[in-house]
Amino acid sequence: MDALIQQAVSGMRANGFEVAEVRTAMEARDYLLAHIAPGKSVGVGGSVSVRDTGVLPALEQQGCKVYTSWGAKPEDIPTIRQNSRTADVYLCSANAVTRAGKLVLVDGLGNRVGAVCDGPREVFFVISHSKVVDGGINTAVARIKKTACPQNTRRLGIDTPCAHTGNCGGDACENSICRLTLTVDRVPRNRKMTVVFVEEALGY
């Protein structure tokens, strides 16, 4: 597994990502606080990994304006998502990382993939080692469907086959949260993307 992790790290760096290797959620929190300047506006995807670090209230305490839908009123969420895409910094996770260091994201609404594709100039991904797969894009998507999606649909209270059985319902799943799939092969031009790569398992 160590060889696989190091191969993924080498791949991410070759693909233009800065990679900060840390051991714990607390170290990830401290890294983000040290690299997001006080007063910056911060957009946040609906990431359990990010929330697990405890960084969001800490960013607010150091004067950052944090746009997150966690705990927000439903009527405020569209504006929060819009502000997230125009923030100084975007903070999210990816659902899987391939052996070659490509990031794979699967969204239901598209706010996260939209922000990653054409949002804030600076993006931080909080990703744990547990999301690395020993393969390529197809292996990554299979991991997402089997591991991440069932847990996310249960957390969100969405009635899907995977929430009940752990198995993907495919195209017949009307309530699917798998509606957009993005692979970040390389960091887009004129953007800065950092992977905070955490040994401790975070999120799904």
# chains A, B, ... in the order shown; residues from 1 in each chain; ligands from 1
call {"tool": "residues_around", "arguments": {"residues": "stretch 192-197 of chain A", "least_positions_apart": "4", "cutoff": "6 Å", "atoms": "only C-alpha atoms", "output": "list in words"}}
result
Phe17, Glu18, Val19, Ala20, Glu21, Glu122, Val123, Phe124, Phe125, Val126, Ile127 and Ser128 of chain A
call {"tool": "write_last_selection", "arguments": {"atoms": "all heavy atoms", "output": "mmCIF file, in the first residue's frame"}}
result
data_model
loop_
_atom_site.group_PDB
_atom_site.id
_atom_site.type_symbol
_atom_site.label_atom_id
_atom_site.label_comp_id
_atom_site.auth_asym_id
_atom_site.auth_seq_id
_atom_site.Cartn_x
_atom_site.Cartn_y
_atom_site.Cartn_z
ATOM 1 N N PHE A 17 -0.336 19.254 -9.298
ATOM 2 C CA PHE A 17 -0.866 19.515 -7.961
ATOM 3 C C PHE A 17 0.279 19.708 -6.972
ATOM 4 O O PHE A 17 1.288 18.999 -7.034
ATOM 5 C CB PHE A 17 -1.720 18.336 -7.464
ATOM 6 C CG PHE A 17 -2.947 18.062 -8.272
ATOM 7 C CD1 PHE A 17 -2.936 17.114 -9.284
ATOM 8 C CD2 PHE A 17 -4.131 18.753 -8.028
ATOM 9 C CE1 PHE A 17 -4.066 16.860 -10.036
ATOM 10 C CE2 PHE A 17 -5.261 18.497 -8.769
ATOM 11 C CZ PHE A 17 -5.231 17.549 -9.786
ATOM 12 N N GLU A 18 0.118 20.648 -6.070
ATOM 13 C CA GLU A 18 0.969 20.677 -4.894
ATOM 14 C C GLU A 18 0.403 19.654 -3.917
ATOM 15 O O GLU A 18 -0.815 19.548 -3.766
ATOM 16 C CB GLU A 18 0.995 22.065 -4.267
ATOM 17 C CG GLU A 18 1.660 23.117 -5.139
ATOM 18 C CD GLU A 18 1.886 24.424 -4.410
ATOM 19 O OE1 GLU A 18 1.813 24.443 -3.162
ATOM 20 O OE2 GLU A 18 2.150 25.432 -5.101
ATOM 21 N N VAL A 19 1.251 18.898 -3.279
ATOM 22 C CA VAL A 19 0.791 17.868 -2.351
ATOM 23 C C VAL A 19 1.440 18.102 -0.996
ATOM 24 O O VAL A 19 2.673 18.124 -0.872
ATOM 25 C CB VAL A 19 1.124 16.451 -2.857
ATOM 26 C CG1 VAL A 19 0.588 15.402 -1.877
ATOM 27 C CG2 VAL A 19 0.536 16.213 -4.253
ATOM 28 N N ALA A 20 0.601 18.279 0.026
ATOM 29 C CA ALA A 20 1.062 18.411 1.403
ATOM 30 C C ALA A 20 0.685 17.121 2.127
ATOM 31 O O ALA A 20 -0.500 16.826 2.305
ATOM 32 C CB ALA A 20 0.410 19.606 2.079
ATOM 33 N N GLU A 21 1.680 16.340 2.504
ATOM 34 C CA GLU A 21 1.427 15.063 3.165
ATOM 35 C C GLU A 21 1.364 15.269 4.680
ATOM 36 O O GLU A 21 2.325 15.733 5.290
ATOM 37 C CB GLU A 21 2.516 14.064 2.800
ATOM 38 C CG GLU A 21 2.566 13.732 1.316
ATOM 39 C CD GLU A 21 3.581 12.653 0.996
ATOM 40 O OE1 GLU A 21 3.309 11.473 1.295
ATOM 41 O OE2 GLU A 21 4.652 13.008 0.462
ATOM 42 N N GLU A 122 -7.705 29.445 -6.477
ATOM 43 C CA GLU A 122 -6.968 28.541 -5.585
ATOM 44 C C GLU A 122 -7.931 27.522 -4.981
ATOM 45 O O GLU A 122 -8.951 27.884 -4.400
ATOM 46 C CB GLU A 122 -6.262 29.327 -4.481
ATOM 47 C CG GLU A 122 -5.341 28.477 -3.644
ATOM 48 C CD GLU A 122 -4.426 29.292 -2.746
ATOM 49 O OE1 GLU A 122 -4.696 30.496 -2.537
ATOM 50 O OE2 GLU A 122 -3.439 28.726 -2.250
ATOM 51 N N VAL A 123 -7.591 26.247 -5.119
ATOM 52 C CA VAL A 123 -8.427 25.157 -4.624
ATOM 53 C C VAL A 123 -7.591 24.256 -3.728
ATOM 54 O O VAL A 123 -6.471 23.883 -4.081
ATOM 55 C CB VAL A 123 -9.009 24.328 -5.787
ATOM 56 C CG1 VAL A 123 -9.888 23.190 -5.246
ATOM 57 C CG2 VAL A 123 -9.812 25.213 -6.744
ATOM 58 N N PHE A 124 -8.155 23.919 -2.567
ATOM 59 C CA PHE A 124 -7.547 22.933 -1.676
ATOM 60 C C PHE A 124 -8.449 21.701 -1.628
ATOM 61 O O PHE A 124 -9.649 21.824 -1.336
ATOM 62 C CB PHE A 124 -7.391 23.488 -0.257
ATOM 63 C CG PHE A 124 -6.363 24.568 -0.124
ATOM 64 C CD1 PHE A 124 -6.710 25.904 -0.283
ATOM 65 C CD2 PHE A 124 -5.037 24.252 0.176
ATOM 66 C CE1 PHE A 124 -5.764 26.911 -0.149
ATOM 67 C CE2 PHE A 124 -4.090 25.259 0.318
ATOM 68 C CZ PHE A 124 -4.452 26.590 0.148
ATOM 69 N N PHE A 125 -7.875 20.532 -1.899
ATOM 70 C CA PHE A 125 -8.584 19.253 -1.746
ATOM 71 C C PHE A 125 -8.068 18.576 -0.478
ATOM 72 O O PHE A 125 -6.859 18.406 -0.317
ATOM 73 C CB PHE A 125 -8.297 18.323 -2.921
ATOM 74 C CG PHE A 125 -8.793 18.786 -4.265
ATOM 75 C CD1 PHE A 125 -7.991 19.566 -5.082
ATOM 76 C CD2 PHE A 125 -10.055 18.435 -4.718
ATOM 77 C CE1 PHE A 125 -8.427 19.978 -6.334
ATOM 78 C CE2 PHE A 125 -10.512 18.851 -5.961
ATOM 79 C CZ PHE A 125 -9.698 19.612 -6.769
ATOM 80 N N VAL A 126 -8.981 18.183 0.402
ATOM 81 C CA VAL A 126 -8.614 17.375 1.565
ATOM 82 C C VAL A 126 -8.974 15.926 1.220
ATOM 83 O O VAL A 126 -10.148 15.583 1.084
ATOM 84 C CB VAL A 126 -9.365 17.836 2.829
ATOM 85 C CG1 VAL A 126 -9.020 16.919 4.011
ATOM 86 C CG2 VAL A 126 -9.023 19.286 3.158
ATOM 87 N N ILE A 127 -7.955 15.102 1.054
ATOM 88 C CA ILE A 127 -8.177 13.729 0.580
ATOM 89 C C ILE A 127 -7.384 12.763 1.448
ATOM 90 O O ILE A 127 -6.177 12.941 1.653
ATOM 91 C CB ILE A 127 -7.728 13.568 -0.892
ATOM 92 C CG1 ILE A 127 -8.395 14.620 -1.783
ATOM 93 C CG2 ILE A 127 -8.044 12.162 -1.388
ATOM 94 C CD1 ILE A 127 -7.888 14.608 -3.214
ATOM 95 N N SER A 128 -8.036 11.722 1.927
ATOM 96 C CA SER A 128 -7.335 10.736 2.746
ATOM 97 C C SER A 128 -6.781 9.604 1.881
ATOM 98 O O SER A 128 -7.248 9.353 0.762
ATOM 99 C CB SER A 128 -8.266 10.166 3.820
ATOM 100 O OG SER A 128 -9.305 9.423 3.235
#
call {"tool": "select_by_dssp", "arguments": {"residues": "stretch 9-176 of chain A", "states": "alpha helix (DSSP H)", "output": "NGL selection string"}}
result
:A and (9-14 or 25-35 or 48-53 or 55-61 or 77-85 or 111-118 or 137-143 or 149-156 or 161-165)
call {"tool": "atom_distance", "arguments": {"atom1": "atom CA of A:Lys131", "atom2": "atom CA of A:Asn95"}}
result
6.6 Å
call {"tool": "residues_around", "arguments": {"residues": "A:Val50", "least_positions_apart": "6", "cutoff": "10 Å", "atoms": "only C-alpha atoms", "output": "compact mmCIF listing (two decimals) with C-alpha atoms, in the first residue's frame"}}
result
# COMPACT_ATOMS: atom_id res chain seq x y z
CA ALA A 25 -7.16 15.57 10.55
CA ALA A 28 -4.70 18.99 7.87
CA ARG A 29 -6.58 21.68 9.78
CA VAL A 44 -16.83 24.98 0.54
CA LEU A 56 -14.43 25.70 9.02
CA LEU A 91 -12.18 23.93 -0.21
CA CYS A 92 -13.46 20.45 -1.05
CA SER A 93 -12.46 16.82 -1.47
CA PHE A 124 -7.55 22.93 -1.68
CA PHE A 125 -8.58 19.25 -1.75
CA VAL A 126 -8.61 17.37 1.56
CA ILE A 127 -8.18 13.73 0.58
CA LEU A 202 -11.64 11.01 6.56
CA GLY A 203 -15.03 11.12 4.88
call {"tool": "residues_around", "arguments": {"residues": "stretch 181-186 of chain A", "least_positions_apart": "5", "cutoff": "9 Å", "atoms": "only C-alpha atoms", "output": "number ranges by chain"}}
result
A: 12, 14-17, 101-107, 113, 116-117, 137, 141
call {"tool": "write_last_selection", "arguments": {"atoms": "N, CA and C atoms", "output": "short mmCIF file (atom, residue, chain, number, x, y, z; two decimals), in the first residue's frame"}}
result
data_model
loop_
_atom_site.label_atom_id
_atom_site.label_comp_id
_atom_site.auth_asym_id
_atom_site.auth_seq_id
_atom_site.Cartn_x
_atom_site.Cartn_y
_atom_site.Cartn_z
N MET A 12 0.29 12.87 -8.75
CA MET A 12 -0.37 14.15 -8.51
C MET A 12 0.60 15.30 -8.74
N ALA A 14 3.29 15.28 -10.62
CA ALA A 14 3.58 15.36 -12.05
C ALA A 14 2.43 16.01 -12.82
N ASN A 15 1.22 15.88 -12.28
CA ASN A 15 0.04 16.46 -12.91
C ASN A 15 -0.21 17.91 -12.50
N GLY A 16 0.71 18.49 -11.76
CA GLY A 16 0.64 19.91 -11.43
C GLY A 16 0.06 20.25 -10.08
N PHE A 17 -0.34 19.25 -9.30
CA PHE A 17 -0.87 19.51 -7.96
C PHE A 17 0.28 19.71 -6.97
N GLY A 101 -2.44 9.44 -10.11
CA GLY A 101 -2.57 10.77 -9.53
C GLY A 101 -3.62 11.65 -10.16
N LYS A 102 -4.65 11.07 -10.74
CA LYS A 102 -5.78 11.84 -11.26
C LYS A 102 -6.88 11.84 -10.21
N LEU A 103 -7.56 12.99 -10.06
CA LEU A 103 -8.64 13.11 -9.08
C LEU A 103 -9.98 12.87 -9.76
N VAL A 104 -10.84 12.09 -9.13
CA VAL A 104 -12.15 11.76 -9.71
C VAL A 104 -13.23 12.21 -8.74
N LEU A 105 -14.20 12.99 -9.27
CA LEU A 105 -15.29 13.54 -8.48
C LEU A 105 -16.61 13.16 -9.14
N VAL A 106 -17.58 12.74 -8.33
CA VAL A 106 -18.93 12.45 -8.81
C VAL A 106 -19.90 13.33 -8.04
N ASP A 107 -20.71 14.12 -8.75
CA ASP A 107 -21.63 15.07 -8.12
C ASP A 107 -23.08 14.78 -8.50
N VAL A 113 -18.17 20.30 -8.84
CA VAL A 113 -17.39 20.16 -10.07
C VAL A 113 -17.34 21.48 -10.83
N VAL A 116 -14.63 23.56 -9.17
CA VAL A 116 -13.31 23.02 -9.48
C VAL A 116 -12.93 23.34 -10.92
N CYS A 117 -13.89 23.24 -11.84
CA CYS A 117 -13.60 23.49 -13.25
C CYS A 117 -13.36 24.96 -13.54
N ILE A 137 -9.39 5.25 -14.07
CA ILE A 137 -10.66 5.94 -13.90
C ILE A 137 -11.79 4.96 -13.58
N VAL A 141 -14.18 5.09 -10.29
CA VAL A 141 -15.63 5.22 -10.30
C VAL A 141 -16.29 4.05 -9.58
#
call {"tool": "residues_around", "arguments": {"residues": "stretch 62-74 of chain A", "least_positions_apart": "3", "cutoff": "9 Å", "atoms": "only C-alpha atoms", "output": "list in words"}}
result
Leu33, Ile36, Ala37, Pro38, Gly39, Lys40, Ser41, Val42, Gly43, Val44, Gly45, Gly46, Arg51, Leu56, Pro57, Ala58, Leu59, Ile77, Pro78, Ile80, Arg81, Asn83, Ser84 and Ala87 of chain A
call {"tool": "write_last_selection", "arguments": {"atoms": "N, CA, C and O atoms", "output": "mmCIF file, in the first residue's frame"}}
result
data_model
loop_
_atom_site.group_PDB
_atom_site.id
_atom_site.type_symbol
_atom_site.label_atom_id
_atom_site.label_comp_id
_atom_site.auth_asym_id
_atom_site.auth_seq_id
_atom_site.Cartn_x
_atom_site.Cartn_y
_atom_site.Cartn_z
ATOM 1 N N LEU A 33 -5.127 26.330 7.860
ATOM 2 C CA LEU A 33 -5.137 27.610 8.572
ATOM 3 C C LEU A 33 -3.869 28.413 8.276
ATOM 4 O O LEU A 33 -3.909 29.649 8.233
ATOM 5 N N ILE A 36 -4.351 29.604 4.260
ATOM 6 C CA ILE A 36 -5.481 30.439 3.844
ATOM 7 C C ILE A 36 -5.432 31.700 4.699
ATOM 8 O O ILE A 36 -5.647 31.654 5.907
ATOM 9 N N ALA A 37 -5.130 32.808 4.074
ATOM 10 C CA ALA A 37 -4.872 34.038 4.818
ATOM 11 C C ALA A 37 -6.130 34.551 5.513
ATOM 12 O O ALA A 37 -7.235 34.427 4.974
ATOM 13 N N PRO A 38 -5.981 35.133 6.696
ATOM 14 C CA PRO A 38 -7.117 35.755 7.373
ATOM 15 C C PRO A 38 -7.791 36.783 6.466
ATOM 16 O O PRO A 38 -7.127 37.529 5.741
ATOM 17 N N GLY A 39 -9.121 36.782 6.495
ATOM 18 C CA GLY A 39 -9.872 37.734 5.699
ATOM 19 C C GLY A 39 -10.262 37.236 4.323
ATOM 20 O O GLY A 39 -11.080 37.864 3.642
ATOM 21 N N LYS A 40 -9.700 36.098 3.883
ATOM 22 C CA LYS A 40 -10.064 35.543 2.586
ATOM 23 C C LYS A 40 -11.499 34.995 2.632
ATOM 24 O O LYS A 40 -11.981 34.565 3.679
ATOM 25 N N SER A 41 -12.170 35.030 1.491
ATOM 26 C CA SER A 41 -13.460 34.358 1.381
ATOM 27 C C SER A 41 -13.219 32.926 0.921
ATOM 28 O O SER A 41 -12.370 32.668 0.066
ATOM 29 N N VAL A 42 -13.953 31.985 1.509
ATOM 30 C CA VAL A 42 -13.707 30.564 1.284
ATOM 31 C C VAL A 42 -15.009 29.867 0.913
ATOM 32 O O VAL A 42 -15.953 29.828 1.708
ATOM 33 N N GLY A 43 -15.068 29.331 -0.290
ATOM 34 C CA GLY A 43 -16.194 28.503 -0.698
ATOM 35 C C GLY A 43 -15.934 27.064 -0.294
ATOM 36 O O GLY A 43 -14.783 26.612 -0.291
ATOM 37 N N VAL A 44 -16.995 26.350 0.050
ATOM 38 C CA VAL A 44 -16.835 24.976 0.541
ATOM 39 C C VAL A 44 -17.814 24.057 -0.177
ATOM 40 O O VAL A 44 -19.013 24.347 -0.246
ATOM 41 N N GLY A 45 -17.298 22.946 -0.689
ATOM 42 C CA GLY A 45 -18.169 21.900 -1.203
ATOM 43 C C GLY A 45 -18.743 21.109 -0.038
ATOM 44 O O GLY A 45 -18.261 21.206 1.091
ATOM 45 N N GLY A 46 -19.754 20.299 -0.299
ATOM 46 C CA GLY A 46 -20.392 19.526 0.776
ATOM 47 C C GLY A 46 -19.550 18.332 1.178
ATOM 48 O O GLY A 46 -19.963 17.178 1.025
ATOM 49 N N ARG A 51 -15.191 18.726 6.665
ATOM 50 C CA ARG A 51 -15.849 18.932 7.956
ATOM 51 C C ARG A 51 -15.144 18.155 9.066
ATOM 52 O O ARG A 51 -15.032 18.637 10.207
ATOM 53 N N LEU A 56 -13.503 24.625 9.394
ATOM 54 C CA LEU A 56 -14.430 25.699 9.019
ATOM 55 C C LEU A 56 -14.656 26.708 10.140
ATOM 56 O O LEU A 56 -14.515 27.917 9.919
ATOM 57 N N PRO A 57 -15.000 26.293 11.361
ATOM 58 C CA PRO A 57 -15.133 27.301 12.422
ATOM 59 C C PRO A 57 -13.818 28.000 12.733
ATOM 60 O O PRO A 57 -13.810 29.178 13.087
ATOM 61 N N ALA A 58 -12.706 27.293 12.559
ATOM 62 C CA ALA A 58 -11.402 27.913 12.812
ATOM 63 C C ALA A 58 -11.105 29.000 11.783
ATOM 64 O O ALA A 58 -10.533 30.044 12.119
ATOM 65 N N LEU A 59 -11.498 28.781 10.525
ATOM 66 C CA LEU A 59 -11.330 29.810 9.498
ATOM 67 C C LEU A 59 -12.168 31.043 9.822
ATOM 68 O O LEU A 59 -11.714 32.184 9.663
ATOM 69 N N ILE A 77 -29.289 28.369 0.406
ATOM 70 C CA ILE A 77 -28.282 27.524 -0.225
ATOM 71 C C ILE A 77 -27.924 27.958 -1.644
ATOM 72 O O ILE A 77 -26.726 27.989 -1.993
ATOM 73 N N PRO A 78 -28.868 28.333 -2.517
ATOM 74 C CA PRO A 78 -28.460 28.772 -3.859
ATOM 75 C C PRO A 78 -27.485 29.950 -3.835
ATOM 76 O O PRO A 78 -26.511 29.974 -4.603
ATOM 77 N N ILE A 80 -25.443 30.736 -1.338
ATOM 78 C CA ILE A 80 -24.183 30.231 -0.787
ATOM 79 C C ILE A 80 -23.358 29.554 -1.876
ATOM 80 O O ILE A 80 -22.148 29.779 -2.005
ATOM 81 N N ARG A 81 -24.017 28.749 -2.698
ATOM 82 C CA ARG A 81 -23.293 28.056 -3.776
ATOM 83 C C ARG A 81 -22.765 29.037 -4.806
ATOM 84 O O ARG A 81 -21.648 28.882 -5.316
ATOM 85 N N ASN A 83 -21.938 32.188 -4.229
ATOM 86 C CA ASN A 83 -20.809 32.890 -3.609
ATOM 87 C C ASN A 83 -19.568 31.998 -3.518
ATOM 88 O O ASN A 83 -18.438 32.498 -3.608
ATOM 89 N N SER A 84 -19.775 30.703 -3.344
ATOM 90 C CA SER A 84 -18.645 29.775 -3.272
ATOM 91 C C SER A 84 -17.834 29.783 -4.556
ATOM 92 O O SER A 84 -16.605 29.680 -4.534
ATOM 93 N N ALA A 87 -15.538 32.911 -4.649
ATOM 94 C CA ALA A 87 -14.713 33.167 -3.466
ATOM 95 C C ALA A 87 -13.227 33.217 -3.840
ATOM 96 O O ALA A 87 -12.824 32.879 -4.952
#
call {"tool": "residues_around", "arguments": {"residues": "A:Leu4", "least_positions_apart": "2", "cutoff": "9 Å", "atoms": "only C-alpha atoms", "output": "PyMOL selection string"}}
result
chain A and resi 1-2+6-9+99+132-134
call {"tool": "closest_residue", "arguments": {"among": "A:Ser130, A:Asn138, A:Gln82, A:Ser47", "to": "A:Glu199", "atoms": "only C-alpha atoms"}}
result
A:Ser130
call {"tool": "residues_around", "arguments": {"residues": "A:Asp30", "least_positions_apart": "3", "cutoff": "10 Å", "atoms": "only C-alpha atoms", "output": "ChimeraX atom specification"}}
result
/A:22,24-27,33-35,53-55,58
call {"tool": "closest_residue", "arguments": {"among": "A:Cys149, A:Pro161, A:Leu180, A:Glu60", "to": "A:Arg112", "atoms": "only C-alpha atoms"}}
result
A:Leu180
call {"tool": "closest_residue", "arguments": {"among": "A:Asp76, A:Glu174, A:Gly136, A:Thr86", "to": "A:Arg121", "atoms": "only C-alpha atoms"}}
result
A:Thr86
